[in-house]
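Engineer: Please find coords-v7.cif (mmCIF, N, CA and C atoms) on the next line:
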data_run
loop_
_atom_site.group_PDB
_atom_site.id
_atom_site.type_symbol
_atom_site.label_atom_id
_atom_site.label_comp_id
_atom_site.auth_asym_id
_atom_site.auth_seq_id
_atom_site.Cartn_x
_atom_site.Cartn_y
_atom_site.Cartn_z
ATOM 1 N N MET A 25 1.707 -3.933 -24.477
ATOM 2 C CA MET A 25 2.680 -3.798 -23.411
ATOM 3 C C MET A 25 2.020 -3.102 -22.220
ATOM 4 N N LYS A 26 2.240 -3.633 -21.036
ATOM 5 C CA LYS A 26 1.706 -3.040 -19.816
ATOM 6 C C LYS A 26 2.571 -1.851 -19.417
ATOM 7 N N LYS A 27 1.954 -0.878 -18.758
ATOM 8 C CA LYS A 27 2.685 0.324 -18.369
ATOM 9 C C LYS A 27 2.745 0.443 -16.851
ATOM 10 N N ILE A 28 3.926 0.796 -16.340
ATOM 11 C CA ILE A 28 4.114 1.071 -14.922
ATOM 12 C C ILE A 28 4.514 2.541 -14.798
ATOM 13 N N THR A 29 3.813 3.273 -13.954
ATOM 14 C CA THR A 29 4.120 4.677 -13.714
ATOM 15 C C THR A 29 5.000 4.764 -12.480
ATOM 16 N N TYR A 30 6.228 5.194 -12.678
ATOM 17 C CA TYR A 30 7.231 5.275 -11.613
ATOM 18 C C TYR A 30 7.389 6.746 -11.239
ATOM 19 N N VAL A 31 7.056 7.081 -10.004
ATOM 20 C CA VAL A 31 7.157 8.457 -9.528
ATOM 21 C C VAL A 31 8.539 8.648 -8.918
ATOM 22 N N THR A 32 9.424 9.298 -9.681
ATOM 23 C CA THR A 32 10.777 9.568 -9.216
ATOM 24 C C THR A 32 11.441 10.572 -10.141
ATOM 25 N N GLY A 33 12.366 11.318 -9.598
ATOM 26 C CA GLY A 33 13.194 12.198 -10.406
ATOM 27 C C GLY A 33 14.582 11.621 -10.584
ATOM 28 N N ASN A 34 14.795 10.423 -10.069
ATOM 29 C CA ASN A 34 16.110 9.785 -10.079
ATOM 30 C C ASN A 34 16.289 8.972 -11.363
ATOM 31 N N TRP A 35 17.157 9.433 -12.242
ATOM 32 C CA TRP A 35 17.365 8.757 -13.526
ATOM 33 C C TRP A 35 17.914 7.346 -13.338
ATOM 34 N N ALA A 36 18.707 7.120 -12.289
ATOM 35 C CA ALA A 36 19.285 5.791 -12.066
ATOM 36 C C ALA A 36 18.199 4.777 -11.698
ATOM 37 N N LYS A 37 17.195 5.210 -10.936
ATOM 38 C CA LYS A 37 16.087 4.311 -10.597
ATOM 39 C C LYS A 37 15.297 3.948 -11.853
ATOM 40 N N ILE A 38 15.091 4.912 -12.737
ATOM 41 C CA ILE A 38 14.370 4.650 -13.987
ATOM 42 C C ILE A 38 15.160 3.677 -14.854
ATOM 43 N N LYS A 39 16.455 3.921 -14.984
ATOM 44 C CA LYS A 39 17.310 3.044 -15.790
ATOM 45 C C LYS A 39 17.248 1.610 -15.271
ATOM 46 N N SER A 40 17.339 1.458 -13.960
ATOM 47 C CA SER A 40 17.290 0.133 -13.351
ATOM 48 C C SER A 40 15.937 -0.529 -13.559
ATOM 49 N N ALA A 41 14.862 0.225 -13.354
ATOM 50 C CA ALA A 41 13.522 -0.329 -13.544
ATOM 51 C C ALA A 41 13.320 -0.791 -14.984
ATOM 52 N N LYS A 42 13.764 0.024 -15.936
ATOM 53 C CA LYS A 42 13.627 -0.359 -17.343
ATOM 54 C C LYS A 42 14.428 -1.616 -17.655
ATOM 55 N N GLN A 43 15.624 -1.700 -17.108
ATOM 56 C CA GLN A 43 16.500 -2.858 -17.344
ATOM 57 C C GLN A 43 15.816 -4.157 -16.914
ATOM 58 N N TYR A 44 15.122 -4.118 -15.792
ATOM 59 C CA TYR A 44 14.495 -5.331 -15.265
ATOM 60 C C TYR A 44 13.076 -5.558 -15.773
ATOM 61 N N LEU A 45 12.322 -4.491 -15.995
ATOM 62 C CA LEU A 45 10.906 -4.653 -16.310
ATOM 63 C C LEU A 45 10.582 -4.709 -17.796
ATOM 64 N N GLU A 46 11.332 -3.993 -18.631
ATOM 65 C CA GLU A 46 11.022 -4.005 -20.062
ATOM 66 C C GLU A 46 11.139 -5.398 -20.688
ATOM 67 N N PRO A 47 12.151 -6.199 -20.316
ATOM 68 C CA PRO A 47 12.192 -7.564 -20.882
ATOM 69 C C PRO A 47 10.991 -8.424 -20.462
ATOM 70 N N LEU A 48 10.311 -8.014 -19.396
ATOM 71 C CA LEU A 48 9.132 -8.749 -18.934
ATOM 72 C C LEU A 48 7.844 -8.213 -19.563
ATOM 73 N N GLY A 49 7.972 -7.236 -20.471
ATOM 74 C CA GLY A 49 6.813 -6.715 -21.179
ATOM 75 C C GLY A 49 6.176 -5.487 -20.553
ATOM 76 N N TYR A 50 6.921 -4.779 -19.704
ATOM 77 C CA TYR A 50 6.398 -3.564 -19.068
ATOM 78 C C TYR A 50 7.099 -2.325 -19.611
ATOM 79 N N GLU A 51 6.301 -1.320 -19.939
ATOM 80 C CA GLU A 51 6.834 -0.014 -20.293
ATOM 81 C C GLU A 51 6.910 0.803 -18.997
ATOM 82 N N VAL A 52 8.048 1.432 -18.744
ATOM 83 C CA VAL A 52 8.216 2.230 -17.537
ATOM 84 C C VAL A 52 8.052 3.703 -17.892
ATOM 85 N N GLU A 53 7.003 4.317 -17.338
ATOM 86 C CA GLU A 53 6.735 5.736 -17.540
ATOM 87 C C GLU A 53 7.230 6.479 -16.301
ATOM 88 N N GLN A 54 8.009 7.521 -16.504
ATOM 89 C CA GLN A 54 8.514 8.318 -15.391
ATOM 90 C C GLN A 54 7.667 9.570 -15.206
ATOM 91 N N ILE A 55 7.301 9.831 -13.969
ATOM 92 C CA ILE A 55 6.653 11.090 -13.620
ATOM 93 C C ILE A 55 7.431 11.698 -12.471
ATOM 94 N N LYS A 56 7.885 12.939 -12.675
ATOM 95 C CA LYS A 56 8.579 13.680 -11.627
ATOM 96 C C LYS A 56 7.563 14.565 -10.940
ATOM 97 N N MET A 57 7.455 14.419 -9.640
ATOM 98 C CA MET A 57 6.558 15.283 -8.878
ATOM 99 C C MET A 57 7.035 15.329 -7.432
ATOM 100 N N GLU A 58 6.793 16.458 -6.814
ATOM 101 C CA GLU A 58 7.112 16.595 -5.400
ATOM 102 C C GLU A 58 6.070 15.817 -4.598
ATOM 103 N N VAL A 59 6.546 14.939 -3.746
ATOM 104 C CA VAL A 59 5.669 14.116 -2.928
ATOM 105 C C VAL A 59 6.029 14.344 -1.467
ATOM 106 N N PRO A 60 5.033 14.632 -0.618
ATOM 107 C CA PRO A 60 5.354 14.831 0.794
ATOM 108 C C PRO A 60 5.926 13.552 1.398
ATOM 109 N N GLU A 61 6.882 13.715 2.274
ATOM 110 C CA GLU A 61 7.514 12.560 2.904
ATOM 111 C C GLU A 61 7.367 12.667 4.415
ATOM 112 N N LEU A 62 6.706 11.676 4.977
ATOM 113 C CA LEU A 62 6.544 11.632 6.422
ATOM 114 C C LEU A 62 7.895 11.442 7.101
ATOM 115 N N GLN A 63 8.012 11.910 8.310
ATOM 116 C CA GLN A 63 9.189 11.659 9.126
ATOM 117 C C GLN A 63 8.779 10.612 10.163
ATOM 118 N N GLU A 64 9.000 9.369 9.817
ATOM 119 C CA GLU A 64 8.586 8.245 10.651
ATOM 120 C C GLU A 64 9.762 7.320 10.894
ATOM 121 N N ASP A 65 9.633 6.464 11.877
ATOM 122 C CA ASP A 65 10.661 5.471 12.149
ATOM 123 C C ASP A 65 10.588 4.307 11.167
ATOM 124 N N SER A 66 9.440 4.103 10.551
ATOM 125 C CA SER A 66 9.234 2.979 9.647
ATOM 126 C C SER A 66 9.364 3.423 8.189
ATOM 127 N N ILE A 67 10.340 2.862 7.494
ATOM 128 C CA ILE A 67 10.511 3.153 6.066
ATOM 129 C C ILE A 67 9.277 2.688 5.298
ATOM 130 N N GLU A 68 8.695 1.592 5.745
ATOM 131 C CA GLU A 68 7.500 1.065 5.091
ATOM 132 C C GLU A 68 6.352 2.069 5.151
ATOM 133 N N GLU A 69 6.160 2.715 6.303
ATOM 134 C CA GLU A 69 5.089 3.700 6.433
ATOM 135 C C GLU A 69 5.336 4.923 5.547
ATOM 136 N N VAL A 70 6.584 5.349 5.443
ATOM 137 C CA VAL A 70 6.940 6.482 4.579
ATOM 138 C C VAL A 70 6.611 6.137 3.128
ATOM 139 N N ALA A 71 7.014 4.950 2.690
ATOM 140 C CA ALA A 71 6.771 4.522 1.307
ATOM 141 C C ALA A 71 5.280 4.386 1.013
ATOM 142 N N LYS A 72 4.544 3.787 1.936
ATOM 143 C CA LYS A 72 3.099 3.624 1.739
ATOM 144 C C LYS A 72 2.409 4.982 1.593
ATOM 145 N N TYR A 73 2.761 5.905 2.467
ATOM 146 C CA TYR A 73 2.120 7.221 2.439
ATOM 147 C C TYR A 73 2.414 7.949 1.123
ATOM 148 N N SER A 74 3.684 7.980 0.715
ATOM 149 C CA SER A 74 4.030 8.739 -0.490
ATOM 150 C C SER A 74 3.446 8.093 -1.752
ATOM 151 N N ALA A 75 3.411 6.765 -1.800
ATOM 152 C CA ALA A 75 2.822 6.085 -2.956
ATOM 153 C C ALA A 75 1.314 6.342 -3.028
ATOM 154 N N LYS A 76 0.647 6.269 -1.883
ATOM 155 C CA LYS A 76 -0.798 6.518 -1.856
ATOM 156 C C LYS A 76 -1.104 7.960 -2.247
ATOM 157 N N TRP A 77 -0.314 8.893 -1.743
ATOM 158 C CA TRP A 77 -0.514 10.313 -2.055
ATOM 159 C C TRP A 77 -0.373 10.554 -3.559
ATOM 160 N N ALA A 78 0.713 10.034 -4.153
ATOM 161 C CA ALA A 78 0.948 10.217 -5.592
ATOM 162 C C ALA A 78 -0.139 9.539 -6.416
ATOM 163 N N SER A 79 -0.552 8.350 -6.001
ATOM 164 C CA SER A 79 -1.598 7.619 -6.711
ATOM 165 C C SER A 79 -2.914 8.396 -6.717
ATOM 166 N N GLU A 80 -3.259 8.988 -5.586
ATOM 167 C CA GLU A 80 -4.495 9.772 -5.507
ATOM 168 C C GLU A 80 -4.411 11.032 -6.369
ATOM 169 N N LYS A 81 -3.261 11.702 -6.376
ATOM 170 C CA LYS A 81 -3.102 12.919 -7.185
ATOM 171 C C LYS A 81 -3.155 12.612 -8.675
ATOM 172 N N LEU A 82 -2.537 11.498 -9.089
ATOM 173 C CA LEU A 82 -2.471 11.145 -10.510
ATOM 174 C C LEU A 82 -3.665 10.317 -10.969
ATOM 175 N N GLN A 83 -4.464 9.839 -10.017
ATOM 176 C CA GLN A 83 -5.627 9.000 -10.321
ATOM 177 C C GLN A 83 -5.233 7.729 -11.076
ATOM 178 N N LYS A 84 -4.114 7.121 -10.647
ATOM 179 C CA LYS A 84 -3.687 5.846 -11.218
ATOM 180 C C LYS A 84 -2.721 5.174 -10.261
ATOM 181 N N ASP A 85 -2.505 3.893 -10.466
ATOM 182 C CA ASP A 85 -1.542 3.163 -9.651
ATOM 183 C C ASP A 85 -0.130 3.618 -10.002
ATOM 184 N N VAL A 86 0.733 3.673 -8.997
ATOM 185 C CA VAL A 86 2.110 4.117 -9.223
ATOM 186 C C VAL A 86 3.087 3.217 -8.482
ATOM 187 N N LEU A 87 4.327 3.314 -8.905
ATOM 188 C CA LEU A 87 5.441 2.681 -8.208
ATOM 189 C C LEU A 87 6.242 3.799 -7.570
ATOM 190 N N LYS A 88 6.535 3.678 -6.300
ATOM 191 C CA LYS A 88 7.320 4.676 -5.569
ATOM 192 C C LYS A 88 8.315 3.918 -4.723
ATOM 193 N N ASN A 89 9.583 4.265 -4.836
ATOM 194 C CA ASN A 89 10.646 3.562 -4.138
ATOM 195 C C ASN A 89 11.270 4.498 -3.109
ATOM 196 N N ASP A 90 11.155 4.141 -1.854
ATOM 197 C CA ASP A 90 11.774 4.916 -0.784
ATOM 198 C C ASP A 90 12.757 4.026 -0.044
ATOM 199 N N SER A 91 13.781 4.641 0.471
ATOM 200 C CA SER A 91 14.743 3.910 1.284
ATOM 201 C C SER A 91 15.156 4.798 2.439
ATOM 202 N N GLY A 92 15.831 4.218 3.394
ATOM 203 C CA GLY A 92 16.251 4.977 4.555
ATOM 204 C C GLY A 92 17.525 4.408 5.140
ATOM 205 N N LEU A 93 18.101 5.157 6.009
ATOM 206 C CA LEU A 93 19.324 4.753 6.686
ATOM 207 C C LEU A 93 19.003 4.627 8.168
ATOM 208 N N CYS A 94 19.230 3.451 8.711
ATOM 209 C CA CYS A 94 18.974 3.200 10.130
ATOM 210 C C CYS A 94 20.309 2.956 10.816
ATOM 211 N N VAL A 95 20.569 3.732 11.855
ATOM 212 C CA VAL A 95 21.837 3.639 12.570
ATOM 213 C C VAL A 95 21.543 3.187 13.994
ATOM 214 N N ASP A 96 21.935 1.960 14.315
ATOM 215 C CA ASP A 96 21.649 1.400 15.631
ATOM 216 C C ASP A 96 22.229 2.270 16.748
ATOM 217 N N ALA A 97 23.405 2.833 16.551
ATOM 218 C CA ALA A 97 24.046 3.660 17.576
ATOM 219 C C ALA A 97 23.247 4.939 17.863
ATOM 220 N N LEU A 98 22.358 5.308 16.949
ATOM 221 C CA LEU A 98 21.503 6.479 17.138
ATOM 222 C C LEU A 98 20.065 6.052 17.426
ATOM 223 N N ASN A 99 19.912 4.874 17.969
ATOM 224 C CA ASN A 99 18.596 4.293 18.295
ATOM 225 C C ASN A 99 17.736 4.074 17.057
ATOM 226 N N GLY A 100 18.382 3.651 15.980
ATOM 227 C CA GLY A 100 17.666 3.305 14.761
ATOM 228 C C GLY A 100 17.405 4.494 13.904
#
Would it be possible to restate this file's structure as structure tokens?
Structural biologist:
Amino acid sequence: MKKITYVTGNWAKIKSAKQYLEPLGYEVEQIKMEVPELQEDSIEEVAKYSAKWASEKLQKDVLKNDSGLCVDALNG
């Protein structure tokens, strides 16, 4: 079985990942760690930075899920 290391403290994200990935033959390993989060306009840049940071600290590939709220009335 292949293993995916998911960096999150959110139990709901782990539950969801396991629901979708375990039937495909992936074991989901959870690692809770504080990861610096950039304050950027691009959610993609925030996610890339935090995933790269965690991957370098753990010396392995990781999955990191970031999301954001964009409000057009507040200029995004």
Engineer: Within 12 Å of Ser40 (chain A), counting only C-alpha atoms, which residues qualify if same-chain residues fewer than 5 places away don't, as an mmCIF file with N, CA and C atoms, in the frame of the given file?
Structural biologist:
data_model
loop_
_atom_site.group_PDB
_atom_site.id
_atom_site.type_symbol
_atom_site.label_atom_id
_atom_site.label_comp_id
_atom_site.auth_asym_id
_atom_site.auth_seq_id
_atom_site.Cartn_x
_atom_site.Cartn_y
_atom_site.Cartn_z
ATOM 1 N N TYR A 30 6.228 5.194 -12.678
ATOM 2 C CA TYR A 30 7.231 5.275 -11.613
ATOM 3 C C TYR A 30 7.389 6.746 -11.239
ATOM 4 N N ASN A 34 14.795 10.423 -10.069
ATOM 5 C CA ASN A 34 16.110 9.785 -10.079
ATOM 6 C C ASN A 34 16.289 8.972 -11.363
ATOM 7 N N TRP A 35 17.157 9.433 -12.242
ATOM 8 C CA TRP A 35 17.365 8.757 -13.526
ATOM 9 C C TRP A 35 17.914 7.346 -13.338
ATOM 10 N N LEU A 45 12.322 -4.491 -15.995
ATOM 11 C CA LEU A 45 10.906 -4.653 -16.310
ATOM 12 C C LEU A 45 10.582 -4.709 -17.796
ATOM 13 N N GLU A 46 11.332 -3.993 -18.631
ATOM 14 C CA GLU A 46 11.022 -4.005 -20.062
ATOM 15 C C GLU A 46 11.139 -5.398 -20.688
ATOM 16 N N PRO A 47 12.151 -6.199 -20.316
ATOM 17 C CA PRO A 47 12.192 -7.564 -20.882
ATOM 18 C C PRO A 47 10.991 -8.424 -20.462
ATOM 19 N N VAL A 52 8.048 1.432 -18.744
ATOM 20 C CA VAL A 52 8.216 2.230 -17.537
ATOM 21 C C VAL A 52 8.052 3.703 -17.892
ATOM 22 N N ASN A 89 9.583 4.265 -4.836
ATOM 23 C CA ASN A 89 10.646 3.562 -4.138
ATOM 24 C C ASN A 89 11.270 4.498 -3.109
#
Engineer: Give me, as an MDAnalysis selection string, all polymer residues having an atom no more than 7 Å from region 54-70 of chain A, counting all atoms listed in the file and skipping those fewer than 6 positions away in the same chain.
Structural biologist: chainID A and resid 28:33 78 90:92
Engineer: Those residues with N, CA and C atoms, as a PDB file, keeping the file's coordinate frame please?
Structural biologist:
ATOM      1  N   ILE A  28       3.926   0.796 -16.340  1.00  0.00           N
ATOM      2  CA  ILE A  28       4.114   1.071 -14.922  1.00  0.00           C
ATOM      3  C   ILE A  28       4.514   2.541 -14.798  1.00  0.00           C
ATOM      4  N   THR A  29       3.813   3.273 -13.954  1.00  0.00           N
ATOM      5  CA  THR A  29       4.120   4.677 -13.714  1.00  0.00           C
ATOM      6  C   THR A  29       5.000   4.764 -12.480  1.00  0.00           C
ATOM      7  N   TYR A  30       6.228   5.194 -12.678  1.00  0.00           N
ATOM      8  CA  TYR A  30       7.231   5.275 -11.613  1.00  0.00           C
ATOM      9  C   TYR A  30       7.389   6.746 -11.239  1.00  0.00           C
ATOM     10  N   VAL A  31       7.056   7.081 -10.004  1.00  0.00           N
ATOM     11  CA  VAL A  31       7.157   8.457  -9.528  1.00  0.00           C
ATOM     12  C   VAL A  31       8.539   8.648  -8.918  1.00  0.00           C
ATOM     13  N   THR A  32       9.424   9.298  -9.681  1.00  0.00           N
ATOM     14  CA  THR A  32      10.777   9.568  -9.216  1.00  0.00           C
ATOM     15  C   THR A  32      11.441  10.572 -10.141  1.00  0.00           C
ATOM     16  N   GLY A  33      12.366  11.318  -9.598  1.00  0.00           N
ATOM     17  CA  GLY A  33      13.194  12.198 -10.406  1.00  0.00           C
ATOM     18  C   GLY A  33      14.582  11.621 -10.584  1.00  0.00           C
ATOM     19  N   ALA A  78       0.713  10.034  -4.153  1.00  0.00           N
ATOM     20  CA  ALA A  78       0.948  10.217  -5.592  1.00  0.00           C
ATOM     21  C   ALA A  78      -0.139   9.539  -6.416  1.00  0.00           C
ATOM     22  N   ASP A  90      11.155   4.141  -1.854  1.00  0.00           N
ATOM     23  CA  ASP A  90      11.774   4.916  -0.784  1.00  0.00           C
ATOM     24  C   ASP A  90      12.757   4.026  -0.044  1.00  0.00           C
ATOM     25  N   SER A  91      13.781   4.641   0.471  1.00  0.00           N
ATOM     26  CA  SER A  91      14.743   3.910   1.284  1.00  0.00           C
ATOM     27  C   SER A  91      15.156   4.798   2.439  1.00  0.00           C
ATOM     28  N   GLY A  92      15.831   4.218   3.394  1.00  0.00           N
ATOM     29  CA  GLY A  92      16.251   4.977   4.555  1.00  0.00           C
ATOM     30  C   GLY A  92      17.525   4.408   5.140  1.00  0.00           C
TER      31      GLY A  92
END
Engineer: Which parts of region 34-99 of chain A does DSSP call strand (DSSP E or B) when run on the backbone here, written out as a PyMOL selection string?
Structural biologist: chain A and resi 50-55+87
Engineer: Could the residues in this selection be saved with N, CA and C atoms as a PDB file, in the frame of the given file?
Structural biologist:
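That gives us result.pdb:
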ATOM      1  N   TYR A  50       6.921  -4.779 -19.704  1.00  0.00           N
ATOM      2  CA  TYR A  50       6.398  -3.564 -19.068  1.00  0.00           C
ATOM      3  C   TYR A  50       7.099  -2.325 -19.611  1.00  0.00           C
ATOM      4  N   GLU A  51       6.301  -1.320 -19.939  1.00  0.00           N
ATOM      5  CA  GLU A  51       6.834  -0.014 -20.293  1.00  0.00           C
ATOM      6  C   GLU A  51       6.910   0.803 -18.997  1.00  0.00           C
ATOM      7  N   VAL A  52       8.048   1.432 -18.744  1.00  0.00           N
ATOM      8  CA  VAL A  52       8.216   2.230 -17.537  1.00  0.00           C
ATOM      9  C   VAL A  52       8.052   3.703 -17.892  1.00  0.00           C
ATOM     10  N   GLU A  53       7.003   4.317 -17.338  1.00  0.00           N
ATOM     11  CA  GLU A  53       6.735   5.736 -17.540  1.00  0.00           C
ATOM     12  C   GLU A  53       7.230   6.479 -16.301  1.00  0.00           C
ATOM     13  N   GLN A  54       8.009   7.521 -16.504  1.00  0.00           N
ATOM     14  CA  GLN A  54       8.514   8.318 -15.391  1.00  0.00           C
ATOM     15  C   GLN A  54       7.667   9.570 -15.206  1.00  0.00           C
ATOM     16  N   ILE A  55       7.301   9.831 -13.969  1.00  0.00           N
ATOM     17  CA  ILE A  55       6.653  11.090 -13.620  1.00  0.00           C
ATOM     18  C   ILE A  55       7.431  11.698 -12.471  1.00  0.00           C
ATOM     19  N   LEU A  87       4.327   3.314  -8.905  1.00  0.00           N
ATOM     20  CA  LEU A  87       5.441   2.681  -8.208  1.00  0.00           C
ATOM     21  C   LEU A  87       6.242   3.799  -7.570  1.00  0.00           C
TER      22      LEU A  87
END
Engineer: State, in Å with one decimal place, the distance from atom N of Ala36 (chain A) to CA of Tyr50 (chain A).
Structural biologist: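 Between atom N of Ala36 (chain A) and CA of Tyr50 (chain A) the gap works out to 17.7 Å.
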Engineer: As a list in words, please: all residues of region 51-84 of chain A that backbone DSSP puts in alpha helix (DSSP H).
Structural biologist: Ile67, Glu68, Glu69, Val70, Ala71, Lys72, Tyr73, Ser74, Ala75, Lys76, Trp77, Ala78, Ser79, Glu80, Lys81 and Leu82 of chain A
Engineer: Would you please work out which residue, of A:Ile38, A:Leu98, A:Lys88, A:Gln83, is nearest to Ala71 (chain A) when using all atoms listed in the file?
Structural biologist: A:Lys88
Engineer: Report, in Å with one decimal, the straight-line distance from CA of Lys37 (chain A) to CA of Asn99 (chain A).
Structural biologist: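 The value is 29.0 Å.
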Engineer: If you measure from atom N of Lys42 (chain A) to CA of Ser74 (chain A), what distance in Å do you get, rounded to one decimal?
Structural biologist: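 For atom N of Lys42 (chain A) relative to CA of Ser74 (chain A), the distance reads 20.2 Å.
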Engineer: Starting from 4 Å padding per side, set up an axis-aligned box that covers all listed atoms of region 30-45 of chain A and hand over centre and edge lengths in Å, one decimal, as AutoDock Vina command-line options.
Structural biologist:
--center_x 12.8 --center_y 3.3 --center_z -13.4 --size_x 21.1 --size_y 25.8 --size_z 16.9
Engineer: Complete the atoms of region 28-36 of chain A to all heavy atoms and put them out as an mmCIF file, in the coordinates of the input.
Structural biologist:
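Here's the written file out-v6.cif:
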data_model
loop_
_atom_site.group_PDB
_atom_site.id
_atom_site.type_symbol
_atom_site.label_atom_id
_atom_site.label_comp_id
_atom_site.auth_asym_id
_atom_site.auth_seq_id
_atom_site.Cartn_x
_atom_site.Cartn_y
_atom_site.Cartn_z
ATOM 1 N N ILE A 28 3.926 0.796 -16.340
ATOM 2 C CA ILE A 28 4.114 1.071 -14.922
ATOM 3 C C ILE A 28 4.514 2.541 -14.798
ATOM 4 O O ILE A 28 5.443 2.991 -15.472
ATOM 5 C CB ILE A 28 5.204 0.172 -14.310
ATOM 6 C CG1 ILE A 28 4.717 -1.278 -14.274
ATOM 7 C CG2 ILE A 28 5.581 0.651 -12.913
ATOM 8 C CD1 ILE A 28 5.727 -2.259 -13.716
ATOM 9 N N THR A 29 3.813 3.273 -13.954
ATOM 10 C CA THR A 29 4.120 4.677 -13.714
ATOM 11 C C THR A 29 5.000 4.764 -12.480
ATOM 12 O O THR A 29 4.581 4.430 -11.372
ATOM 13 C CB THR A 29 2.835 5.490 -13.512
ATOM 14 O OG1 THR A 29 2.011 5.340 -14.671
ATOM 15 C CG2 THR A 29 3.142 6.956 -13.291
ATOM 16 N N TYR A 30 6.228 5.194 -12.678
ATOM 17 C CA TYR A 30 7.231 5.275 -11.613
ATOM 18 C C TYR A 30 7.389 6.746 -11.239
ATOM 19 O O TYR A 30 7.781 7.570 -12.054
ATOM 20 C CB TYR A 30 8.550 4.711 -12.129
ATOM 21 C CG TYR A 30 9.559 4.300 -11.100
ATOM 22 C CD1 TYR A 30 10.626 3.489 -11.467
ATOM 23 C CD2 TYR A 30 9.499 4.702 -9.775
ATOM 24 C CE1 TYR A 30 11.589 3.095 -10.556
ATOM 25 C CE2 TYR A 30 10.448 4.312 -8.855
ATOM 26 C CZ TYR A 30 11.484 3.509 -9.245
ATOM 27 O OH TYR A 30 12.425 3.119 -8.339
ATOM 28 N N VAL A 31 7.056 7.081 -10.004
ATOM 29 C CA VAL A 31 7.157 8.457 -9.528
ATOM 30 C C VAL A 31 8.539 8.648 -8.918
ATOM 31 O O VAL A 31 8.809 8.190 -7.804
ATOM 32 C CB VAL A 31 6.043 8.778 -8.507
ATOM 33 C CG1 VAL A 31 6.213 10.184 -7.956
ATOM 34 C CG2 VAL A 31 4.680 8.608 -9.140
ATOM 35 N N THR A 32 9.424 9.298 -9.681
ATOM 36 C CA THR A 32 10.777 9.568 -9.216
ATOM 37 C C THR A 32 11.441 10.572 -10.141
ATOM 38 O O THR A 32 11.114 10.647 -11.322
ATOM 39 C CB THR A 32 11.637 8.289 -9.139
ATOM 40 O OG1 THR A 32 12.914 8.602 -8.596
ATOM 41 C CG2 THR A 32 11.824 7.656 -10.508
ATOM 42 N N GLY A 33 12.366 11.318 -9.598
ATOM 43 C CA GLY A 33 13.194 12.198 -10.406
ATOM 44 C C GLY A 33 14.582 11.621 -10.584
ATOM 45 O O GLY A 33 15.443 12.236 -11.196
ATOM 46 N N ASN A 34 14.795 10.423 -10.069
ATOM 47 C CA ASN A 34 16.110 9.785 -10.079
ATOM 48 C C ASN A 34 16.289 8.972 -11.363
ATOM 49 O O ASN A 34 15.666 7.918 -11.534
ATOM 50 C CB ASN A 34 16.229 8.902 -8.838
ATOM 51 C CG ASN A 34 17.581 8.261 -8.681
ATOM 52 O OD1 ASN A 34 18.211 7.868 -9.645
ATOM 53 N ND2 ASN A 34 18.013 8.146 -7.437
ATOM 54 N N TRP A 35 17.157 9.433 -12.242
ATOM 55 C CA TRP A 35 17.365 8.757 -13.526
ATOM 56 C C TRP A 35 17.914 7.346 -13.338
ATOM 57 O O TRP A 35 17.620 6.446 -14.126
ATOM 58 C CB TRP A 35 18.282 9.570 -14.435
ATOM 59 C CG TRP A 35 19.677 9.714 -13.893
ATOM 60 C CD1 TRP A 35 20.156 10.726 -13.103
ATOM 61 C CD2 TRP A 35 20.764 8.806 -14.069
ATOM 62 N NE1 TRP A 35 21.469 10.494 -12.775
ATOM 63 C CE2 TRP A 35 21.874 9.319 -13.359
ATOM 64 C CE3 TRP A 35 20.918 7.595 -14.756
ATOM 65 C CZ2 TRP A 35 23.113 8.668 -13.307
ATOM 66 C CZ3 TRP A 35 22.152 6.954 -14.702
ATOM 67 C CH2 TRP A 35 23.228 7.496 -13.995
ATOM 68 N N ALA A 36 18.707 7.120 -12.289
ATOM 69 C CA ALA A 36 19.285 5.791 -12.066
ATOM 70 C C ALA A 36 18.199 4.777 -11.698
ATOM 71 O O ALA A 36 18.269 3.604 -12.104
ATOM 72 C CB ALA A 36 20.350 5.848 -10.985
#
